[in-house]
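Structure, as structure tokens:
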Amino acid sequence: MRLERRAALAAAATTTTLLLTTLAAVPAHADPGTGGVTTVPLESSLRGPDTLRDIGPRTTASFALVGVSWDDPAEALDGGVQVRTRSALTGRWGAWYDLEADRDDRPDEVTGRGATAPLWVGPSDGVAVRVTAGTRPFPAGLRAELVDPGADPVAAPEPRPAEPGLRAGGAAPRPGIVTRAGWGADESIRESGFGYTGDVRAVFVHHTDTTNDYACTDAPKMIRSIYQYHVKSLGWRDIGYNFLVDRCGTIYEGRAGGVAEPVLGAHTLGFNTNSAGVAALGTYVSAQAPQAQVDGVSQIAAWKLGLTGKDAQGTATLVSASDGSKYKKGTSVQFKSISGHRDAFNTECPGEALYDRLGDIRSWAAHLQGR
């Protein structure tokens, strides 16, 4: 069951707590400020059936995004996961935050590591973690993942200029898109080569389940952190989303391979083929997505679908590639051309508030296609 990100920790009966006990001092990149991932093993400590223990504070290498991962991606973590961090700017410890334990934005094949959703916490140098068991045993290899986004590119990210006007055949103008170079992607960490699918028939809208109160100038750092989390922590070939949109409406290129190409992503378990994933940076369970962000999602969806003449207000039939999705493998499913992640998987993503805006997104995307 989903844990609300800012909920207070409830008392747990008959639980076991895993404690953060060892700090790995050397990040994946040795040079300070260049970015990297510090992994911190979690070890069990049983002190009685009804005892809840936490640990911290622990001084760490610098980081700005945190998550928890485990060895087997096929295993689920049904307990509670909470983290608390110390700001490197103020030296103060923040509140405990819940991490979403289910990871449903992932490749169709079982690969890499299992993990929680990551949490953007901003510049930090201390962490505490507590994990509470549910009905199943803890998966092996639990560890905290502390991600340092590294320094921004020398030049500020600039979207490639948008194409003006409408084109024939339902095509929409291409919006401005910040390239991977623009947000500072380290191309050396991803797998070489690219994966492609057939024509994009549907766009799945997501939220990243991270904080909403970020400066838009920090969006490239957030994307670099998610990229490293997907590649270094989880073992994926690249960032999972095809595109990301910040709360100011800026659109960013996600997975490498060409923004106009049908790049195979890892965003909607079972339905990554013939689709594209667009992620809104933020959490929109109850908070409303800014209109600029809604417009950005509409623009990239309209253009991506319009490249092959797909109607933004139409439907598309996709075939499930995983029993782990909402539909058994091999099932043909009809989706709206612009759908929410929850339409394909038992999740609340992209959040109730953003999901309720999908009708507006479809309407505006269709308008941009000249329909």
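Order determines the names: the first chain of the structure tokens is A, the second B, and so forth; residues in each chain are numbered 1 upward, and ligands are numbered 1 upward as they are shown.
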Open item on the list: If you run DSSP on the backbone here, which positions in region 128-331 of chain A get strand (DSSP E)? Please write them as a PyMOL selection string.
Closed with: chain A and resi 128-132+143-148+177-178+202-207+243-245+251-253+275-280+315-319
Open item on the list: Can you tell me which residues surround Ala155 (chain A) at a distance of at most 10 Å, considering only C-alpha atoms, apart from same-chain residues fewer than 6 positions away, and format the answer as a list in words?
Closed with: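 Listing them by chain and then by number gives Ala181, Gly182, Trp183 and Gly184 of chain A.
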- [ ] Measuring atom to atom with only C-alpha atoms, identify which of A:Arg371, A:Arg362, A:Arg113, A:Arg130 is nearest to Lys232 (chain A).
- [x]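 Result for the nearest residue to Lys232 (chain A): A:Arg113.
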TODO: Please provide the set of residues having any atom within 8 Å of region 138-149 of chain A, restricted to only C-alpha atoms, with same-chain residues fewer than 4 positions apart removed, written as an NGL selection string.
DONE: :A and (33-43 or 62-72 or 75-77 or 129 or 133 or 221-222 or 224-225 or 228-229 or 233)
- [ ] May I ask which of the residues A:Thr283, A:Thr268, A:Thr179, A:Thr197 is the closest one to Gly240 (chain A), counting only C-alpha atoms?
- [x] A:Thr268
Task: Distance criterion (only C-alpha atoms): nearest to Pro153 (chain A) out of A:Asp186, A:Ala344, A:Glu191, A:Ser322 - done: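 Between A:Asp186, A:Ala344, A:Glu191, A:Ser322, the residue approaching Pro153 (chain A) most closely is A:Asp186.
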Open item on the list: Neighbouring residues of Glu352 (chain A) were defined as those with any atom within 9 Å, considering only C-alpha atoms; residues of the same chain fewer than 2 positions away were excluded. Please report them as a PyMOL selection string.
Closed with: chain A and resi 284-287+348-350+354-357
For those residues, write N, CA and C atoms to a file as a CSV table (one decimal), in the first residue's frame.
chain,number,residue,atom,x,y,z
A,284,TYR,N,2.0,14.8,-7.5
A,284,TYR,CA,0.7,15.4,-7.8
A,284,TYR,C,-0.5,14.6,-7.3
A,285,VAL,N,-0.3,14.0,-6.1
A,285,VAL,CA,-1.4,13.3,-5.5
A,285,VAL,C,-2.5,14.2,-5.1
A,286,SER,N,-2.2,15.3,-4.4
A,286,SER,CA,-3.2,16.3,-4.1
A,286,SER,C,-2.8,17.7,-4.6
A,287,ALA,N,-1.6,17.9,-4.7
A,287,ALA,CA,-1.1,19.2,-5.2
A,287,ALA,C,-1.4,19.3,-6.7
A,348,GLU,N,-1.0,4.8,-8.2
A,348,GLU,CA,-1.7,6.0,-8.2
A,348,GLU,C,-1.0,7.0,-9.2
A,349,CYS,N,0.2,6.7,-9.7
A,349,CYS,CA,0.9,7.6,-10.6
A,349,CYS,C,0.0,7.9,-11.9
A,350,PRO,N,-0.1,9.1,-12.3
A,350,PRO,CA,0.7,10.3,-12.0
A,350,PRO,C,0.1,11.1,-10.9
A,354,LEU,N,-3.0,15.3,-11.1
A,354,LEU,CA,-2.5,15.3,-12.4
A,354,LEU,C,-3.3,14.4,-13.3
A,355,TYR,N,-3.7,13.3,-12.8
A,355,TYR,CA,-4.6,12.4,-13.6
A,355,TYR,C,-5.9,13.1,-14.0
A,356,ASP,N,-6.4,13.9,-13.1
A,356,ASP,CA,-7.7,14.6,-13.4
A,356,ASP,C,-7.5,15.7,-14.5
A,357,ARG,N,-6.2,16.0,-14.8
A,357,ARG,CA,-6.0,17.0,-15.9
A,357,ARG,C,-5.7,16.4,-17.2
TODO: Could you check how far CA of Arg190 (chain A) sits from CA of Val231 (chain A), in Å to one decimal?
DONE: 6.5 Å
Task: Pick from A:Val121, A:Thr347, A:Thr60, A:Ala312 nearest to Asp213 (chain A), counting only C-alpha atoms - done: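 Checking each candidate against Asp213 (chain A), we get A:Val121 as the closest.
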Open item on the list: With distances taken over only C-alpha atoms, which residue among A:Asp343, A:Asp152, A:Asp246, A:Asp360 lies nearest Phe204 (chain A)?
Closed with: A:Asp343
- [ ] Give me the residues within 7 Å of Ala366 (chain A) as a list in words, counting only C-alpha atoms and dropping any in the same chain fewer than 2 places off.
- [x] Ala302, Asp311, Ala312, Gln313, Arg362, Ser363, Trp364, Leu368, Gln369, Gly370 and Arg371 of chain A
